[in-house]
Each structure stands twice: as C-alpha cells, then as structure tokens.
Amino acid sequence: MMKNQNAKDGAEAKKSVELHLLVEYLFRPIATPISKGCVHAGITANAVTIMGGALWFCSIPILLVGADVYSAHIALGAALVGTAAFLWVFGFLLDVVDGGVARLTNTSGLAGSYLDLCFHLLFNPLFLSALGCFLYIVDPLHVIVPILGVLGSSGNWGPTVAALEQVTIANAAANKRTSKDECLINLVAIRGHEREAGARRRGVVRQLSEEIMYFPGQFVLFFASIISDLFLPKIMGLEFPITLCLFLISCIILILSLPFRMYREFCFAKRLESGAQAAD
C-alpha cells in the first residue's frame, strides 16, 4: 500500500509533459523525492522558488569574488568558483522542485508561475554576462569575452515562452469563465508536444545538444567545465580553458541564431493564436 502511495505521489509531482529532456531524465528523478520532503516539512512552492532564485543571484558575487582572489589564493578562489557553479545547478534543481511541491499540494497557480518567470527573466541574461566578467577577471587578456557575454545574453532566454505566459496570465485574469490554470496548462502541453515532435524529427542526441546551448543545459555544461578546469592542468597557459572555449562557442551560437529563433517562435505564437481563435 505504501509503495503504491509513493508511486502515486511521484507521478503527481511530475508534469504531464516535460519541456526539456534534461529535466525529464536528470533533474526530475532527483527533484521528486525532494518535493515530497518539502511537502512533509510544510515548505510551500513559492518558498522553494524564492530559495532557488536567491541561490542563483548569490552565485554571481561569489563567482566574481572567486575570480578576483584566484590568482593570489588559488585554494580559496577555487572553492568560491566551485561553490558558484554548484549553486547554478542546485538553484535549477529547486526550480524543478517548486513545481513538484505545487502539484503535490494542489497549489499551482498564476501567481507562482509569474514568480518563477521573474527569476528566469532576470537571471538567465545575467548568467552569461557574469560568466564573461569572471573569465575577464581571471585573465584580462580576454577583453572581448565580457562583450560577447552581454551580446549572447540577449538570446539566453525564451522570448516566446515569456510573451505567451504574459498573455495567458492576462487572459486568465480577464476571462472569468476560464480557470486560473487552464491557459498555462494548454501552453505547456503545446510546447511539450512541440518538443517531443522535434525530438522525433531531429533525434534525441540533437535535441539534447540544442538544450546544452540554451537553458537549462547551460547550467550543467558550465558546472562541468568549471569543475574540470579546477582539477585539470592549464592548456597552453590559459586559465579555465575548457570554460573559455565553451563560453565562446555558446555566445557565438546564441548571437547568430537569435534572429532565426525570434522568427521561428513568432510563427509558433501566431499558430497558437490562430488555434485559440478557431477554438473560440
């Protein structure tokens, strides 16, 4: 009986459709038992969201201070930089946990979705900018790196998701006949089915590679690169060479692909709008 109840709780903590393969296969299995633990401890979903967002923002000064002291105090600098990298991943894990808590306690709603969206819109662009500043502080010869970080940050968030969630929040608030979650549930389902169709069309490997270049795969990618650089010897005398290489590749891809992503996602938004009007 207890086993069946645990299985039921695990299923309720999951989304009906996951938007990212990394979440589905890496973060969700870890987040589900944490979500159940939070429920038993009386921790609300919004509290988990705030904790995760706070960890994200705390990682930025920790990273920059770590870069500043790294040359003079390698052990202390490495500890700070490693801590910042860990906070990126753990903060995102809590970002997955909060949804599980909300579903287990039946407290999912527009207010929680909006709070979660705010942290994403604020931190996702800051992430690459902070990483670029970190690489520049570690080695001032990389003068172009922070500039690329700022330019790449313009594409380091989901414009369609942000715009559509704002629209669905407004529509749900204005339409008394629509339940508070119905619009967002529909949006999540459509985005999830689009992701699944893309995975079938392009293959799982390509789908994962695309996720690595964008949110949420960047946290995993740069966590792994930072840790690797801390333990591996320097390559051609460069500080954090793996992180630098991956950072440059990520920024260039983000900058070059942004116009195409905006056009593709605009077309998707138009299709979604047309479908909603046809349903009415």
# chains A, B, ... in the order shown; residues from 1 in each chain; ligands from 1

$ residues_around --residues "Ser250 of chain A" --least-positions-apart "3" --cutoff "12 Å" --atoms "only C-alpha atoms" --output "JSON, numbers by chain"
{"A": [128, 131, 132, 145, 148, 149, 151, 152, 153, 155, 156, 209, 210, 211, 212, 213, 214, 215, 217, 218, 221, 222, 243, 244, 245, 246, 247, 253, 254, 255, 256, 257, 258]}

$ closest_residue --among "A:Ile34, A:Ala45, A:Ile226, A:Leu238" --to "Ser108 of chain A" --atoms "only C-alpha atoms"
A:Ala45

$ atom_distance --atom1 "atom CA of Leu63 of chain A" --atom2 "atom CA of Ser154 of chain A"
21.0 Å

$ residues_around --residues "Ile50 of chain A" --least-positions-apart "6" --cutoff "9 Å" --atoms "only C-alpha atoms" --output "JSON, numbers by chain"
{"A": [115, 116, 119]}

$ write_last_selection --atoms "C-alpha atoms" --output "compact mmCIF listing (two decimals), in the first residue's frame"
# COMPACT_ATOMS: atom_id res chain seq x y z
CA LEU A 115 7.17 34.48 -9.59
CA ASP A 116 9.08 31.67 -11.30
CA PHE A 119 13.58 34.81 -11.70

$ closest_residue --among "A:Pro29, A:Gly82, A:Gly77, A:Pro125" --to "Ser225 of chain A" --atoms "only C-alpha atoms"
A:Gly82

$ closest_residue --among "A:Pro259, A:Gly37, A:Gly42, A:Pro146" --to "Ala130 of chain A" --atoms "only C-alpha atoms"
A:Pro146

$ closest_residue --among "A:Ile227, A:Leu141, A:Ala102, A:Val220" --to "Cys38 of chain A" --atoms "only C-alpha atoms"
A:Ala102
